[in-house]
$ cat input_26.pdb   # PDB, C-alpha atoms, pLDDT in the B column
ATOM      1  CA  MET S  28     -76.657 -47.165 -34.224  1.00 57.00           C
ATOM      2  CA  PHE S  29     -77.686 -43.532 -34.593  1.00 55.00           C
ATOM      3  CA  LEU S  30     -76.653 -40.778 -32.199  1.00 53.00           C
ATOM      4  CA  LYS S  31     -78.124 -37.365 -31.517  1.00 54.00           C
ATOM      5  CA  LEU S  32     -76.043 -34.455 -32.816  1.00 51.00           C
ATOM      6  CA  GLU S  33     -74.853 -33.483 -29.335  1.00 56.00           C
ATOM      7  CA  GLU S  34     -73.625 -37.066 -28.776  1.00 64.00           C
ATOM      8  CA  VAL S  35     -71.551 -37.274 -31.973  1.00 64.00           C
ATOM      9  CA  SER S  36     -68.544 -35.460 -30.545  1.00 65.00           C
ATOM     10  CA  LYS S  37     -68.530 -37.805 -27.524  1.00 68.00           C
ATOM     11  CA  ALA S  38     -68.726 -40.864 -29.766  1.00 70.00           C
ATOM     12  CA  ILE S  39     -65.842 -39.653 -31.903  1.00 68.00           C
ATOM     13  CA  GLY S  40     -63.765 -38.450 -28.957  1.00 68.00           C
ATOM     14  CA  ARG S  41     -60.863 -36.034 -28.902  1.00 64.00           C
ATOM     15  CA  GLY S  42     -58.733 -36.705 -31.953  1.00 61.00           C
ATOM     16  CA  GLY S  43     -61.020 -39.596 -32.924  1.00 69.00           C
ATOM     17  CA  HIS S  44     -59.753 -41.789 -30.086  1.00 72.00           C
ATOM     18  CA  ASN S  45     -63.169 -43.132 -28.993  1.00 78.00           C
ATOM     19  CA  ILE S  46     -64.255 -44.213 -32.454  1.00 74.00           C
ATOM     20  CA  LYS S  47     -60.848 -45.784 -33.165  1.00 79.00           C
ATOM     21  CA  LEU S  48     -60.993 -47.739 -29.912  1.00 83.00           C
ATOM     22  CA  ALA S  49     -64.553 -48.865 -30.639  1.00 82.00           C
ATOM     23  CA  GLY S  50     -63.375 -50.099 -34.031  1.00 81.00           C
ATOM     24  CA  LEU S  51     -60.513 -52.048 -32.474  1.00 87.00           C
ATOM     25  CA  LEU S  52     -62.788 -53.604 -29.856  1.00 89.00           C
ATOM     26  CA  THR S  53     -65.480 -54.642 -32.347  1.00 88.00           C
ATOM     27  CA  GLY S  54     -63.240 -55.524 -35.276  1.00 87.00           C
ATOM     28  CA  TYR S  55     -65.279 -53.252 -37.531  1.00 82.00           C
ATOM     29  CA  GLU S  56     -64.280 -50.097 -39.352  1.00 74.00           C
ATOM     30  CA  LEU S  57     -66.608 -47.391 -38.049  1.00 70.00           C
ATOM     31  CA  ASP S  58     -67.613 -44.329 -40.031  1.00 65.00           C
ATOM     32  CA  VAL S  59     -69.507 -41.247 -38.893  1.00 64.00           C
ATOM     33  CA  ILE S  60     -72.169 -40.207 -41.356  1.00 61.00           C
ATOM     34  CA  ARG S  61     -73.931 -36.884 -41.048  1.00 58.00           C
ATOM     35  CA  GLU S  62     -77.483 -36.946 -42.303  1.00 58.00           C
ATOM     36  CA  GLY S  63     -79.647 -33.982 -43.107  1.00 56.00           C
ATOM     37  CA  ILE S  64     -76.993 -31.825 -44.765  1.00 47.00           C
ATOM     38  CA  ALA S  65     -77.889 -31.077 -48.358  1.00 47.00           C
ATOM     39  CA  ALA S  66     -75.421 -32.539 -50.837  1.00 39.00           C
ATOM     40  CA  GLU S  67     -74.844 -29.167 -52.459  1.00 39.00           C
ATOM     41  CA  GLU S  68     -73.839 -27.681 -49.124  1.00 57.00           C
ATOM     42  CA  ASP S  69     -70.160 -28.212 -48.597  1.00 76.00           C
ATOM     43  CA  ASP S  70     -69.061 -28.225 -44.996  1.00 85.00           C
ATOM     44  CA  VAL S  71     -65.668 -28.088 -43.364  1.00 89.00           C
ATOM     45  CA  GLU S  72     -64.560 -29.653 -40.095  1.00 91.00           C
ATOM     46  CA  LEU S  73     -63.824 -26.975 -37.527  1.00 93.00           C
ATOM     47  CA  THR S  74     -60.392 -28.471 -36.867  1.00 92.00           C
ATOM     48  CA  GLU S  75     -59.425 -27.389 -40.410  1.00 91.00           C
ATOM     49  CA  PHE S  76     -59.362 -23.825 -39.048  1.00 93.00           C
ATOM     50  CA  SER S  77     -56.830 -24.554 -36.292  1.00 92.00           C
ATOM     51  CA  ASP S  78     -54.381 -22.068 -37.853  1.00 92.00           C
ATOM     52  CA  GLU S  79     -56.905 -19.264 -37.399  1.00 95.00           C
ATOM     53  CA  ILE S  80     -58.988 -20.407 -34.407  1.00 96.00           C
ATOM     54  CA  ASP S  81     -57.409 -21.397 -31.086  1.00 96.00           C
ATOM     55  CA  GLY S  82     -57.813 -25.028 -30.082  1.00 95.00           C
ATOM     56  CA  TRP S  83     -59.588 -24.197 -26.826  1.00 96.00           C
ATOM     57  CA  VAL S  84     -62.224 -22.250 -28.810  1.00 96.00           C
ATOM     58  CA  ILE S  85     -62.749 -25.219 -31.144  1.00 95.00           C
ATOM     59  CA  ASP S  86     -63.059 -27.432 -28.039  1.00 94.00           C
ATOM     60  CA  GLU S  87     -65.773 -25.169 -26.595  1.00 94.00           C
ATOM     61  CA  PHE S  88     -67.866 -25.625 -29.733  1.00 94.00           C
ATOM     62  CA  ALA S  89     -67.204 -29.373 -29.776  1.00 91.00           C
ATOM     63  CA  LYS S  90     -68.497 -29.651 -26.196  1.00 90.00           C
ATOM     64  CA  ILE S  91     -71.938 -28.644 -27.441  1.00 91.00           C
ATOM     65  CA  GLY S  92     -71.799 -30.825 -30.552  1.00 89.00           C
ATOM     66  CA  LEU S  93     -70.728 -28.200 -33.071  1.00 92.00           C
ATOM     67  CA  ASP S  94     -67.727 -29.475 -34.989  1.00 91.00           C
ATOM     68  CA  THR S  95     -68.225 -28.119 -38.508  1.00 92.00           C
ATOM     69  CA  ALA S  96     -68.280 -24.621 -39.969  1.00 92.00           C
ATOM     70  CA  ARG S  97     -71.923 -24.779 -41.038  1.00 91.00           C
ATOM     71  CA  SER S  98     -73.054 -26.177 -37.693  1.00 92.00           C
ATOM     72  CA  ILE S  99     -71.798 -22.955 -36.092  1.00 95.00           C
ATOM     73  CA  LEU S 100     -72.963 -20.623 -38.854  1.00 94.00           C
ATOM     74  CA  ASN S 101     -76.499 -22.019 -38.495  1.00 92.00           C
ATOM     75  CA  GLN S 102     -76.663 -20.994 -34.812  1.00 93.00           C
ATOM     76  CA  ASP S 103     -77.833 -17.776 -33.200  1.00 93.00           C
ATOM     77  CA  VAL S 104     -74.957 -15.788 -31.655  1.00 95.00           C
ATOM     78  CA  ALA S 105     -76.848 -15.192 -28.399  1.00 94.00           C
ATOM     79  CA  ASP S 106     -77.530 -18.921 -28.140  1.00 93.00           C
ATOM     80  CA  LEU S 107     -73.836 -19.701 -28.670  1.00 95.00           C
ATOM     81  CA  VAL S 108     -72.877 -17.238 -25.922  1.00 95.00           C
ATOM     82  CA  ARG S 109     -75.355 -18.918 -23.581  1.00 93.00           C
ATOM     83  CA  ARG S 110     -74.293 -22.494 -24.415  1.00 92.00           C
ATOM     84  CA  THR S 111     -70.503 -21.995 -24.359  1.00 92.00           C
ATOM     85  CA  ASP S 112     -67.941 -20.285 -22.143  1.00 92.00           C
ATOM     86  CA  LEU S 113     -67.050 -17.979 -25.025  1.00 96.00           C
ATOM     87  CA  GLU S 114     -67.536 -14.229 -25.184  1.00 96.00           C
ATOM     88  CA  GLU S 115     -69.683 -12.719 -27.933  1.00 97.00           C
ATOM     89  CA  GLU S 116     -66.630 -11.006 -29.451  1.00 97.00           C
ATOM     90  CA  THR S 117     -64.844 -14.360 -29.798  1.00 97.00           C
ATOM     91  CA  ILE S 118     -67.890 -15.991 -31.367  1.00 97.00           C
ATOM     92  CA  LEU S 119     -68.315 -13.135 -33.851  1.00 97.00           C
ATOM     93  CA  GLU S 120     -64.648 -13.464 -34.869  1.00 97.00           C
ATOM     94  CA  VAL S 121     -65.072 -17.214 -35.411  1.00 97.00           C
ATOM     95  CA  ILE S 122     -68.177 -16.570 -37.516  1.00 96.00           C
ATOM     96  CA  ARG S 123     -66.256 -14.019 -39.610  1.00 96.00           C
ATOM     97  CA  ILE S 124     -63.480 -16.558 -40.248  1.00 95.00           C
ATOM     98  CA  LEU S 125     -65.959 -19.305 -41.143  1.00 94.00           C
ATOM     99  CA  LYS S 126     -67.991 -17.092 -43.482  1.00 92.00           C
ATOM    100  CA  GLU S 127     -64.832 -16.304 -45.452  1.00 90.00           C
ATOM    101  CA  GLU S 128     -64.585 -20.034 -46.253  1.00 84.00           C
ATOM    102  CA  PHE S 129     -67.932 -19.992 -48.072  1.00 78.00           C
ATOM    103  CA  GLN S 130     -67.614 -16.718 -49.976  1.00 77.00           C
ATOM    104  CA  ASP S 131     -67.417 -16.999 -53.746  1.00 55.00           C
TER
END
$ encode --input "input_26.pdb" --output "structure tokens"
Amino acid sequence: MFLKLEEVSKAIGRGGHNIKLAGLLTGYELDVIREGIAAEEDDVELTEFSDEIDGWVIDEFAKIGLDTARSILNQDVADLVRRTDLEEETILEVIRILKEEFQD
């Protein structure tokens, strides 16, 4: 089964609970595969930044299906302000932190 990007976070669930439960119920090991990301583009799960980004901020991005660094960096700041309950200043700080991850 394939899910739209905004449905991925719901399928996985907080802490992976939904996908684990689905695996237990079906007897299958379930994996989430992201298509469309170029192999040379490394990406990092947003939860990897929990030391620098508050959990509630990460949750706000997850609510709209953005759970990796690149998924946020590829968005327009004004669009992120509109789609989340985050202030522009908070979003710009998150973007600064994420960009540092991909600097040479």
$ residues_around --input "input_26.pdb" --residues "stretch 102-114 of chain S" --least-positions-apart "6" --cutoff "8 Å" --atoms "only C-alpha atoms" --output "count of residues only"
4
$ resolve_selection --input "input_26.pdb" --expression "the PyMOL selection byres ((chain S and resi 126) around 12)" --output "PyMOL selection string"
chain S and resi 70-71+76+96-101+119-125+127-131
$ resolve_selection --input "input_26.pdb" --expression "the PyMOL selection byres ((chain S and resi 85) around 10)" --output "list in words"
Leu73, Thr74, Phe76, Ser77, Ile80, Asp81, Gly82, Trp83, Val84, Asp86, Glu87, Phe88, Ala89, Lys90, Leu93, Asp94, Thr95 and Val121 of chain S
$ atom_distance --input "input_26.pdb" --atom1 "atom CA of S:Leu57" --atom2 "atom CA of S:Gly92"
18.9 Å
$ residues_around --input "input_26.pdb" --residues "S:Glu56" --least-positions-apart "4" --cutoff "10 Å" --atoms "all atoms listed in the file" --output "ChimeraX atom specification"
/S:46-47,49-51
